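See below for input-v9.cif, which holds mmCIF, C-alpha atoms.
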data_protein
loop_
_atom_site.label_atom_id
_atom_site.label_comp_id
_atom_site.auth_asym_id
_atom_site.auth_seq_id
_atom_site.Cartn_x
_atom_site.Cartn_y
_atom_site.Cartn_z
CA MET U 1042 -154.84 61.05 84.48
CA SER U 1043 -151.80 61.00 82.18
CA PHE U 1044 -148.60 62.97 82.78
CA THR U 1045 -149.19 65.15 79.72
CA THR U 1046 -152.71 65.96 80.91
CA ILE U 1047 -151.31 67.12 84.27
CA LEU U 1048 -148.73 69.23 82.44
CA PHE U 1049 -151.46 70.73 80.28
CA ILE U 1050 -153.56 71.67 83.34
CA VAL U 1051 -150.53 73.30 84.94
CA PHE U 1052 -149.84 75.13 81.68
CA ALA U 1053 -153.44 76.37 81.55
CA VAL U 1054 -153.05 77.78 85.07
CA ILE U 1055 -149.78 79.49 84.04
CA VAL U 1056 -151.44 81.03 80.99
CA SER U 1057 -154.30 82.27 83.19
CA ILE U 1058 -151.80 83.96 85.52
CA GLN U 1059 -150.03 85.59 82.56
CA VAL U 1060 -153.31 86.80 81.08
CA ILE U 1061 -154.36 88.34 84.41
CA TYR U 1062 -151.02 90.17 84.66
CA TYR U 1063 -151.10 91.51 81.10
CA LEU U 1064 -154.74 92.56 81.32
CA SER U 1065 -153.89 94.41 84.54
CA PHE U 1066 -151.00 96.13 82.76
CA LEU U 1067 -153.23 96.90 79.77
CA PHE U 1068 -156.02 98.59 81.70
CA SER U 1069 -153.87 100.27 84.36
CA PHE U 1070 -151.25 101.77 82.04
CA SER U 1071 -151.16 100.83 78.36
CA ILE U 1072 -154.52 102.33 77.38
CA LYS U 1073 -154.66 105.03 80.05
CA ARG U 1074 -154.31 108.59 78.75
CA GLU U 1075 -151.67 110.88 80.21
CA ASP U 1076 -152.70 114.20 81.80
CA THR U 1077 -150.33 116.82 80.34
CA TYR U 1078 -151.67 119.84 82.21
CA LEU U 1079 -148.69 122.02 83.22
CA LYS U 1080 -148.76 123.95 86.48
CA LYS U 1081 -146.95 127.02 87.75
CA HIS U 1082 -143.20 126.52 87.95
CA ILE U 1083 -142.32 125.51 91.49
CA PRO U 1084 -138.67 125.85 92.62
CA VAL U 1085 -136.79 122.60 91.98
CA SER U 1086 -133.27 121.29 92.43
CA VAL U 1087 -131.91 119.00 89.74
CA ILE U 1088 -129.35 116.62 91.24
CA ILE U 1089 -126.78 114.79 89.11
CA CYS U 1090 -124.26 112.49 90.76
CA ALA U 1091 -121.24 111.76 88.57
CA LYS U 1092 -118.19 109.55 88.93
CA ASN U 1093 -115.67 109.74 86.08
CA GLU U 1094 -118.23 111.27 83.72
CA ALA U 1095 -116.33 114.23 82.23
CA GLN U 1096 -117.37 113.58 78.63
CA ASN U 1097 -120.99 112.86 79.52
CA ILE U 1098 -121.20 116.06 81.58
CA LYS U 1099 -119.90 118.04 78.60
CA LYS U 1100 -122.40 116.41 76.26
CA ASN U 1101 -125.56 116.27 78.38
CA LEU U 1102 -125.47 119.12 80.89
CA PRO U 1103 -126.38 121.75 78.26
CA PHE U 1104 -129.74 119.97 77.81
CA ILE U 1105 -130.42 120.48 81.53
CA ILE U 1106 -129.25 124.10 81.54
CA SER U 1107 -131.48 124.96 78.58
CA GLN U 1108 -134.72 123.80 80.21
CA ALA U 1109 -137.59 126.21 79.64
CA TYR U 1110 -138.19 126.49 83.36
CA SER U 1111 -138.08 129.68 85.40
CA ASN U 1112 -136.96 128.50 88.83
CA PHE U 1113 -134.41 125.72 89.18
CA GLU U 1114 -130.88 125.03 90.29
CA ILE U 1115 -128.51 122.25 89.24
CA VAL U 1116 -126.56 120.44 91.94
CA LEU U 1117 -123.60 118.61 90.43
CA VAL U 1118 -122.11 115.97 92.75
CA ASN U 1119 -118.57 114.88 91.93
CA ASP U 1120 -118.20 111.48 93.57
CA SER U 1121 -114.40 111.24 94.00
CA SER U 1122 -113.75 111.14 90.26
CA SER U 1123 -110.27 110.35 88.99
CA ASP U 1124 -110.78 111.99 85.58
CA GLU U 1125 -111.58 115.63 84.70
CA THR U 1126 -115.18 115.52 85.92
CA LEU U 1127 -114.64 118.19 88.62
CA GLU U 1128 -112.81 120.50 86.21
CA VAL U 1129 -115.61 120.21 83.66
CA MET U 1130 -118.19 120.95 86.36
CA LYS U 1131 -116.27 124.06 87.41
CA GLU U 1132 -116.18 125.30 83.81
CA PHE U 1133 -119.97 125.12 83.66
CA GLU U 1134 -120.31 126.68 87.12
CA ALA U 1135 -118.25 129.69 85.99
CA LYS U 1136 -120.68 130.33 83.12
CA HIS U 1137 -124.02 129.58 84.78
CA ASN U 1138 -125.08 130.93 88.17
CA ARG U 1139 -127.76 128.27 88.67
CA ILE U 1140 -125.09 125.55 89.07
CA LYS U 1141 -123.82 124.38 92.47
CA ILE U 1142 -121.00 121.83 92.93
CA VAL U 1143 -120.62 119.32 95.72
CA ASP U 1144 -117.17 117.74 95.66
CA VAL U 1145 -117.24 114.45 97.56
CA LYS U 1146 -113.85 113.27 98.77
CA THR U 1147 -112.96 109.62 99.19
CA ASN U 1148 -114.39 108.31 102.44
CA GLU U 1149 -113.18 104.93 103.63
CA ALA U 1150 -116.46 104.09 105.36
CA PHE U 1151 -118.50 104.90 102.23
CA TRP U 1152 -116.01 104.17 99.45
CA GLY U 1153 -117.71 103.43 96.15
CA ASN U 1154 -121.15 104.22 97.59
CA LYS U 1155 -123.28 106.48 95.39
CA LYS U 1156 -125.85 106.85 98.17
CA TYR U 1157 -123.37 108.73 100.36
CA ALA U 1158 -122.55 111.15 97.54
CA LEU U 1159 -126.23 111.63 96.69
CA THR U 1160 -127.06 112.34 100.33
CA LEU U 1161 -124.49 115.15 100.39
CA GLY U 1162 -125.98 116.53 97.18
CA ILE U 1163 -129.49 116.43 98.62
CA LYS U 1164 -128.30 118.23 101.77
CA ALA U 1165 -126.70 120.94 99.64
CA SER U 1166 -129.82 121.53 97.52
CA SER U 1167 -131.76 124.74 98.12
CA HIS U 1168 -135.26 123.54 97.28
CA ASP U 1169 -137.70 120.96 98.64
CA PHE U 1170 -138.61 119.51 95.24
CA LEU U 1171 -135.79 117.34 93.90
CA VAL U 1172 -135.43 115.95 90.37
CA PHE U 1173 -132.80 113.29 89.70
CA THR U 1174 -131.08 112.15 86.54
CA ASP U 1175 -127.71 110.66 85.61
CA ALA U 1176 -124.70 112.19 83.92
CA ASP U 1177 -125.15 109.94 80.88
CA CYS U 1178 -128.78 111.08 80.42
CA ARG U 1179 -130.31 113.97 78.54
CA PRO U 1180 -133.90 115.23 78.54
CA ILE U 1181 -135.40 114.81 75.07
CA SER U 1182 -137.15 118.19 75.29
CA ASN U 1183 -136.74 121.52 77.06
CA GLN U 1184 -140.08 120.86 78.80
CA TRP U 1185 -138.76 117.97 80.89
CA LEU U 1186 -138.73 119.87 84.19
CA ALA U 1187 -142.09 121.49 83.51
CA HIS U 1188 -143.77 118.13 82.96
CA VAL U 1189 -142.11 116.28 85.84
CA SER U 1190 -142.68 119.07 88.39
CA SER U 1191 -146.33 119.41 87.34
CA LYS U 1192 -147.04 116.03 88.93
CA PHE U 1193 -146.16 117.23 92.43
CA SER U 1194 -149.05 118.25 94.67
CA ASN U 1195 -149.92 118.47 98.34
CA GLN U 1196 -150.44 114.69 98.30
CA LYS U 1197 -147.96 113.56 95.64
CA ALA U 1198 -144.38 113.67 96.94
CA ILE U 1199 -142.88 111.17 94.44
CA VAL U 1200 -142.90 111.34 90.64
CA LEU U 1201 -141.82 108.31 88.61
CA GLY U 1202 -140.54 109.18 85.14
CA TYR U 1203 -139.33 107.23 82.12
CA GLY U 1204 -135.68 106.88 81.16
CA ALA U 1205 -135.33 105.55 77.60
CA TYR U 1206 -132.22 104.28 75.85
CA ALA U 1207 -131.00 105.55 72.50
CA LYS U 1208 -131.76 103.36 69.48
CA LYS U 1209 -128.87 101.67 67.65
CA ARG U 1210 -129.48 100.04 64.29
CA LEU U 1211 -128.74 96.35 63.70
CA SER U 1212 -127.88 95.66 67.33
CA LEU U 1213 -129.43 92.72 69.16
CA LEU U 1214 -128.05 93.99 72.46
CA ASN U 1215 -129.63 97.40 71.92
CA GLN U 1216 -133.01 95.83 71.12
CA LEU U 1217 -132.77 93.64 74.21
CA ILE U 1218 -131.88 96.60 76.45
CA ARG U 1219 -134.75 98.66 75.09
CA TYR U 1220 -137.20 95.76 75.37
CA GLU U 1221 -136.21 95.18 79.01
CA THR U 1222 -136.54 98.93 79.67
CA VAL U 1223 -140.07 99.09 78.22
CA MET U 1224 -141.13 95.93 80.07
CA THR U 1225 -139.77 97.24 83.37
CA ALA U 1226 -141.54 100.57 82.83
CA LEU U 1227 -144.77 98.78 81.91
CA GLN U 1228 -144.61 97.04 85.26
CA TYR U 1229 -143.61 99.86 87.61
CA PHE U 1230 -146.01 102.34 85.99
CA SER U 1231 -148.83 99.78 86.07
CA TYR U 1232 -148.22 98.87 89.71
CA ALA U 1233 -148.09 102.56 90.64
CA ASN U 1234 -151.44 103.17 88.91
CA LEU U 1235 -152.85 100.15 90.75
CA GLY U 1236 -151.80 101.71 94.06
CA ILE U 1237 -148.77 99.51 94.77
CA PRO U 1238 -145.69 101.47 93.57
CA TYR U 1239 -142.48 99.54 94.08
CA MET U 1240 -139.61 101.25 92.24
CA GLY U 1241 -138.37 104.14 90.12
CA VAL U 1242 -135.33 104.69 87.92
CA GLY U 1243 -132.62 107.18 88.84
CA ARG U 1244 -132.41 108.35 85.23
CA ASN U 1245 -135.73 110.16 85.69
CA LEU U 1246 -137.07 110.39 89.21
CA ALA U 1247 -138.33 113.12 91.53
CA TYR U 1248 -139.27 113.39 95.18
CA ARG U 1249 -139.42 115.89 98.00
CA LYS U 1250 -136.44 116.54 100.22
CA GLY U 1251 -138.73 116.47 103.25
CA LEU U 1252 -139.80 112.93 102.36
CA PHE U 1253 -136.16 111.88 102.06
CA PHE U 1254 -135.11 113.14 105.48
CA TYR U 1255 -138.34 112.18 107.25
CA ASN U 1256 -137.61 108.58 106.24
CA ASN U 1257 -133.91 108.82 107.20
CA GLY U 1258 -132.74 108.83 103.60
CA PHE U 1259 -130.77 105.78 102.56
CA ASN U 1260 -129.91 104.73 106.12
CA GLY U 1261 -131.92 101.53 105.95
CA HIS U 1262 -129.85 100.20 103.05
CA MET U 1263 -126.69 102.33 102.99
CA ALA U 1264 -124.54 99.20 103.11
CA ILE U 1265 -126.05 98.04 99.79
CA LYS U 1266 -124.00 99.72 97.08
CA SER U 1267 -126.84 99.86 94.54
CA GLY U 1268 -130.51 100.75 94.90
CA ASP U 1269 -130.35 104.50 95.49
CA ASP U 1270 -133.46 104.76 93.34
CA ASP U 1271 -135.51 101.56 93.59
CA LEU U 1272 -134.79 100.65 97.23
CA PHE U 1273 -135.64 104.12 98.49
CA ILE U 1274 -138.86 104.25 96.45
CA ASN U 1275 -139.75 100.72 97.53
CA GLU U 1276 -139.37 101.82 101.13
CA VAL U 1277 -141.34 105.09 101.08
CA ALA U 1278 -143.79 104.99 98.14
CA HIS U 1279 -147.48 104.23 98.54
CA ALA U 1280 -150.71 104.81 96.65
CA GLN U 1281 -151.35 108.27 98.07
CA ASN U 1282 -147.92 109.87 97.64
CA THR U 1283 -146.84 108.58 94.21
CA ALA U 1284 -147.56 109.93 90.73
CA ILE U 1285 -146.26 108.90 87.31
CA CYS U 1286 -145.18 111.13 84.42
CA VAL U 1287 -145.16 109.57 80.95
CA SER U 1288 -145.75 112.50 78.61
CA LYS U 1289 -143.28 112.32 75.73
CA GLU U 1290 -141.74 115.66 76.67
CA SER U 1291 -140.83 114.26 80.10
CA PHE U 1292 -138.61 111.41 78.87
CA THR U 1293 -134.86 111.25 79.31
CA GLU U 1294 -132.56 109.28 77.03
CA SER U 1295 -129.31 107.51 77.86
CA GLU U 1296 -126.61 105.80 75.88
CA PRO U 1297 -127.03 102.03 76.33
CA LYS U 1298 -124.25 99.63 77.18
CA LYS U 1299 -122.22 98.60 74.15
CA THR U 1300 -121.21 95.08 75.21
CA PHE U 1301 -123.11 92.17 76.71
CA LYS U 1302 -120.52 92.00 79.50
CA ASP U 1303 -121.16 95.60 80.62
CA TRP U 1304 -124.92 95.19 80.36
CA ILE U 1305 -124.89 91.94 82.37
CA LEU U 1306 -122.86 93.64 85.12
CA GLN U 1307 -125.35 96.52 85.18
CA LYS U 1308 -128.29 94.13 85.42
CA ARG U 1309 -126.57 92.14 88.16
CA ARG U 1310 -126.35 95.31 90.26
CA HIS U 1311 -130.00 96.13 89.61
CA ILE U 1312 -131.29 92.62 90.32
CA SER U 1313 -129.21 92.31 93.49
CA THR U 1314 -131.43 94.91 95.18
CA SER U 1315 -134.75 93.18 94.47
CA ARG U 1316 -134.25 90.73 97.35
CA LEU U 1317 -134.71 93.72 99.71
CA TYR U 1318 -138.09 94.76 98.29
CA LYS U 1319 -141.18 94.50 100.44
CA THR U 1320 -142.61 90.98 100.59
CA LYS U 1321 -145.74 91.79 98.58
CA HIS U 1322 -143.63 93.25 95.79
CA LYS U 1323 -141.30 90.26 95.73
CA ILE U 1324 -144.29 87.93 95.50
CA LEU U 1325 -145.91 89.88 92.64
CA LEU U 1326 -142.68 90.27 90.67
CA GLY U 1327 -141.54 86.72 91.38
CA LEU U 1328 -144.86 85.23 90.30
CA PHE U 1329 -144.79 87.21 87.06
CA TYR U 1330 -141.25 86.12 86.19
CA THR U 1331 -141.89 82.50 87.21
CA SER U 1332 -145.08 82.36 85.12
CA GLN U 1333 -143.16 83.78 82.14
CA LEU U 1334 -140.44 81.16 82.51
CA LEU U 1335 -142.91 78.28 82.93
CA PHE U 1336 -144.99 79.49 79.98
CA TRP U 1337 -142.02 78.98 77.68
CA VAL U 1338 -140.72 75.78 79.31
CA LEU U 1339 -144.07 74.01 79.51
CA GLY U 1340 -145.29 75.39 76.19
CA ILE U 1341 -142.27 74.08 74.30
CA LEU U 1342 -142.43 70.75 76.17
CA LEU U 1343 -146.13 70.23 75.42
CA LEU U 1344 -145.67 71.17 71.76
CA THR U 1345 -142.90 68.60 71.57
CA LEU U 1346 -145.07 65.91 73.16
CA GLY U 1347 -147.88 66.69 70.71
CA ASP U 1348 -150.85 66.02 73.03
CA HIS U 1349 -153.81 68.42 73.37
CA TRP U 1350 -152.32 70.43 70.50
CA GLN U 1351 -155.58 72.15 69.54
CA LEU U 1352 -156.30 73.50 73.03
CA LEU U 1353 -152.61 74.20 73.46
CA THR U 1354 -152.61 76.35 70.33
CA VAL U 1355 -155.62 78.29 71.61
CA LEU U 1356 -153.96 78.98 74.98
CA ILE U 1357 -150.63 80.01 73.45
CA SER U 1358 -152.37 82.26 70.92
CA LEU U 1359 -154.53 83.87 73.62
CA ARG U 1360 -151.53 84.65 75.77
CA PHE U 1361 -149.52 86.11 72.88
CA VAL U 1362 -152.39 88.24 71.59
CA ILE U 1363 -153.01 89.82 74.99
CA GLN U 1364 -149.28 90.16 75.71
CA LEU U 1365 -148.55 91.79 72.35
CA PHE U 1366 -151.54 94.11 72.68
CA SER U 1367 -150.51 95.27 76.15
CA PHE U 1368 -146.82 95.56 75.29
CA GLY U 1369 -147.54 97.16 71.93
CA LEU U 1370 -149.67 99.95 73.36
CA ALA U 1371 -147.12 100.56 76.12
CA ALA U 1372 -144.30 100.64 73.54
CA LYS U 1373 -146.29 103.17 71.50
CA LYS U 1374 -146.76 105.35 74.56
CA LEU U 1375 -143.05 105.07 75.33
CA GLU U 1376 -141.96 105.69 71.72
CA ASP U 1377 -140.45 102.27 70.97
CA THR U 1378 -142.90 100.53 68.65
CA ASN U 1379 -140.32 98.82 66.41
CA LEU U 1380 -139.77 96.28 69.20
CA VAL U 1381 -143.29 94.88 69.09
CA LEU U 1382 -142.99 92.30 66.30
CA ILE U 1383 -139.81 90.75 67.72
CA SER U 1384 -140.89 91.01 71.36
CA PRO U 1385 -141.59 87.23 71.76
CA PHE U 1386 -137.99 86.45 70.77
CA LEU U 1387 -136.65 89.24 73.01
CA GLU U 1388 -138.81 87.99 75.88
CA LEU U 1389 -137.34 84.49 75.64
CA PHE U 1390 -133.80 85.86 75.39
CA LEU U 1391 -134.36 88.15 78.39
CA ILE U 1392 -135.90 85.41 80.55
CA THR U 1393 -132.92 83.09 80.01
CA THR U 1394 -130.49 85.95 80.62
CA GLN U 1395 -132.23 86.91 83.86
CA LEU U 1396 -132.11 83.28 85.01
CA SER U 1397 -128.34 83.25 84.52
CA ILE U 1398 -128.03 86.58 86.36
CA PHE U 1399 -130.07 85.30 89.32
CA SER U 1400 -127.78 82.27 89.47
CA ALA U 1401 -124.61 84.38 89.26
CA ASN U 1402 -125.83 86.70 92.03
CA LEU U 1403 -126.27 83.73 94.35
CA ILE U 1404 -122.53 83.22 94.09
CA ALA U 1405 -121.31 86.82 94.26
CA THR U 1406 -122.89 90.28 94.25
CA PRO U 1407 -121.34 93.31 92.43
CA LYS U 1408 -119.83 95.69 94.97
CA HIS U 1409 -119.65 99.21 93.53
CA TRP U 1410 -121.73 101.56 91.38
CA LYS U 1411 -118.75 102.45 89.17
#

Do you think you could lay out the structure here as structure tokens?
Amino acid sequence: MSFTTILFIVFAVIVSIQVIYYLSFLFSFSIKREDTYLKKHIPVSVIICAKNEAQNIKKNLPFIISQAYSNFEIVLVNDSSSDETLEVMKEFEAKHNRIKIVDVKTNEAFWGNKKYALTLGIKASSHDFLVFTDADCRPISNQWLAHVSSKFSNQKAIVLGYGAYAKKRLSLLNQLIRYETVMTALQYFSYANLGIPYMGVGRNLAYRKGLFFYNNGFNGHMAIKSGDDDLFINEVAHAQNTAICVSKESFTESEPKKTFKDWILQKRRHISTSRLYKTKHKILLGLFYTSQLLFWVLGILLLTLGDHWQLLTVLISLRFVIQLFSFGLAAKKLEDTNLVLISPFLELFLITTQLSIFSANLIATPKHWK
């Protein structure tokens, strides 16, 4: 058996793995209809942790305040800011009686640790149902709280939402950020629907206070500066207690990073937490990424060698058709369809970027959330 034949067999196995993943994503999320039935307004606490976010608080907090929801409070956590964040929070507090401020002073043992500040905010909240977002996020509709809270039930104590990024014209970085966001959402929503939830995003996430304290909050990973959202969800979520919310009215939107340097640093923080995921999640996510990487490496190599080109073309076409179909329907559901046609290019760019980030994190891990 020739070397190229062995490579082709390995490539066929890789394509099979990719097809299985994308078909799983397709049937578990991309084509699944969202239930938009809204329930009675339960009391909720919206928690926003901010560090040096004065301008974002001014810009985005009015979208939270104006929610068409009858029973909610807003807990603003000032995490030892050095700008005017606390002053801006107090201005809003003076005008709106549903706002509560938690001013976190610098603590040497927990310096630069968002989890410590969030824990104090959770303790100060009045209600059992907690909804989290970031200072640089805004709900895209005044029905955000109504849709997210409607997913809670006697069984469902966690609600995973979608946090989009604003679109910027003629920006490769913006397209890459949005592509990565849709792909990540496609995965964590699909896994949740398959009964193996593994993460959520702090830009749009909800869970019960009782669940937080029953599981000792962030104690199991307090020393890790990032992961207040995904590590906690990875630790406590399971098939019975987790719901997803992907109605368009439930989305939040954030301003994306403006430079590759800032985005790479953000991704380094996010990726640094994945090593602490449960073993089954690391295997599933690692196999998906590895199969993506090998698809491109082996596919390009085999095309260069020129052997088995007819079967090779069939395999490559099959994988791209299924991948584009799954991603395209997910992108439509998540309101980002203009990424579909360039998604193969963005996929290759993202895979190589992630490889460099993995390598950089082996040398040094980012230390602080701000």

Item to check | Residues within 8 Å of range 1114-1129 of chain U, all atoms listed in the file, excluding chain neighbours under 3 positions, as a VMD selection string | outcome: chain U and resid 1085 to 1096 1098 to 1099 1106 1132 to 1133 1139 to 1147 1155 1158 to 1159 1162 1165 to 1167

Checklist entry - How many Å lie between CA of Gln1281 in chain U and CA of Phe1170 in chain U, rounded to one decimal? => result 17.2 Å

Next on the checklist: I'd like the neighbourhood of Ser1367 in chain U as a PyMOL selection string, where a residue qualifies if any of its atoms comes within 10 Å (using only C-alpha atoms), though same-chain residues fewer than 4 positions away should be ignored.
Outcome noted: chain U and resi 1062-1068+1070-1072+1227+1361-1363+1371-1372

Item to check | Given only C-alpha atoms as the counted atoms, nearest of U:Lys1250, U:His1262, U:Lys1302, U:Lys1319 to Ile1199 in chain U | outcome: U:Lys1250

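Comparing U:Val1056, U:Leu1213, U:Ala1207, U:Cys1286 by their smallest distance to Phe1301 in chain U, the closest is U:Leu1213 (using all atoms listed in the file).
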
Item to check | Near-Phe1254 in chain U list (12 Å; only C-alpha atoms; drop same-chain fewer than 3 positions) as number ranges by chain | outcome: U: 1160-1161, 1163-1164, 1169, 1248-1251, 1257-1260, 1273, 1277

Dump as a PDB file, keeping the file's coordinate frame, selection limited to C-alpha atoms:
ATOM      1  CA  THR U1160    -127.060 112.340 100.330  1.00  0.00           C
ATOM      2  CA  LEU U1161    -124.490 115.150 100.390  1.00  0.00           C
ATOM      3  CA  ILE U1163    -129.490 116.430  98.620  1.00  0.00           C
ATOM      4  CA  LYS U1164    -128.300 118.230 101.770  1.00  0.00           C
ATOM      5  CA  ASP U1169    -137.700 120.960  98.640  1.00  0.00           C
ATOM      6  CA  TYR U1248    -139.270 113.390  95.180  1.00  0.00           C
ATOM      7  CA  ARG U1249    -139.420 115.890  98.000  1.00  0.00           C
ATOM      8  CA  LYS U1250    -136.440 116.540 100.220  1.00  0.00           C
ATOM      9  CA  GLY U1251    -138.730 116.470 103.250  1.00  0.00           C
ATOM     10  CA  ASN U1257    -133.910 108.820 107.200  1.00  0.00           C
ATOM     11  CA  GLY U1258    -132.740 108.830 103.600  1.00  0.00           C
ATOM     12  CA  PHE U1259    -130.770 105.780 102.560  1.00  0.00           C
ATOM     13  CA  ASN U1260    -129.910 104.730 106.120  1.00  0.00           C
ATOM     14  CA  PHE U1273    -135.640 104.120  98.490  1.00  0.00           C
ATOM     15  CA  VAL U1277    -141.340 105.090 101.080  1.00  0.00           C
TER      16      VAL U1277
END

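Put simply, the PyMOL selection byres ((chain U and resi 1214-1225) around 8) on this file hits Ala1205, Tyr1206, Lys1208, Lys1209, Ser1212, Leu1213, Ala1226, Leu1227, Gln1228, Tyr1229, Pro1297, Lys1298, Lys1299, Thr1300, Phe1301, Phe1368, Ala1371, Ala1372, Leu1375, Asp1377, Leu1380, Ser1384, Leu1387, Glu1388, Phe1390 and Leu1391 of chain U.
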
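Among U:Lys1156, U:Arg1210, U:Leu1396, U:Leu1370, the residue with the shortest atom-to-atom distance to Leu1334 in chain U, counting all atoms listed in the file, is U:Leu1396.
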
So what does the PyMOL selection byres ((chain U and resi 1339) around 12) actually pick up in this one, as a PDB file with C-alpha atoms, in the frame of the given file?
ATOM      1  CA  THR U1045    -149.190  65.150  79.720  1.00  0.00           C
ATOM      2  CA  THR U1046    -152.710  65.960  80.910  1.00  0.00           C
ATOM      3  CA  ILE U1047    -151.310  67.120  84.270  1.00  0.00           C
ATOM      4  CA  LEU U1048    -148.730  69.230  82.440  1.00  0.00           C
ATOM      5  CA  PHE U1049    -151.460  70.730  80.280  1.00  0.00           C
ATOM      6  CA  ILE U1050    -153.560  71.670  83.340  1.00  0.00           C
ATOM      7  CA  VAL U1051    -150.530  73.300  84.940  1.00  0.00           C
ATOM      8  CA  PHE U1052    -149.840  75.130  81.680  1.00  0.00           C
ATOM      9  CA  ALA U1053    -153.440  76.370  81.550  1.00  0.00           C
ATOM     10  CA  VAL U1054    -153.050  77.780  85.070  1.00  0.00           C
ATOM     11  CA  ILE U1055    -149.780  79.490  84.040  1.00  0.00           C
ATOM     12  CA  VAL U1056    -151.440  81.030  80.990  1.00  0.00           C
ATOM     13  CA  THR U1331    -141.890  82.500  87.210  1.00  0.00           C
ATOM     14  CA  SER U1332    -145.080  82.360  85.120  1.00  0.00           C
ATOM     15  CA  GLN U1333    -143.160  83.780  82.140  1.00  0.00           C
ATOM     16  CA  LEU U1334    -140.440  81.160  82.510  1.00  0.00           C
ATOM     17  CA  LEU U1335    -142.910  78.280  82.930  1.00  0.00           C
ATOM     18  CA  PHE U1336    -144.990  79.490  79.980  1.00  0.00           C
ATOM     19  CA  TRP U1337    -142.020  78.980  77.680  1.00  0.00           C
ATOM     20  CA  VAL U1338    -140.720  75.780  79.310  1.00  0.00           C
ATOM     21  CA  GLY U1340    -145.290  75.390  76.190  1.00  0.00           C
ATOM     22  CA  ILE U1341    -142.270  74.080  74.300  1.00  0.00           C
ATOM     23  CA  LEU U1342    -142.430  70.750  76.170  1.00  0.00           C
ATOM     24  CA  LEU U1343    -146.130  70.230  75.420  1.00  0.00           C
ATOM     25  CA  LEU U1344    -145.670  71.170  71.760  1.00  0.00           C
ATOM     26  CA  THR U1345    -142.900  68.600  71.570  1.00  0.00           C
ATOM     27  CA  LEU U1346    -145.070  65.910  73.160  1.00  0.00           C
ATOM     28  CA  LEU U1353    -152.610  74.200  73.460  1.00  0.00           C
ATOM     29  CA  LEU U1356    -153.960  78.980  74.980  1.00  0.00           C
ATOM     30  CA  ILE U1357    -150.630  80.010  73.450  1.00  0.00           C
TER      31      ILE U1357
END

Item to check | CA of Leu1186 in chain U to CA of Ala1109 in chain U, straight-line distance in Å | outcome: 7.9 Å

Checklist entry - Which of these residues is nearest to Asn1245 in chain U, using all atoms listed in the file: U:Leu1306, U:Ile1061, U:Ile1181, U:Leu1325? => result U:Ile1181
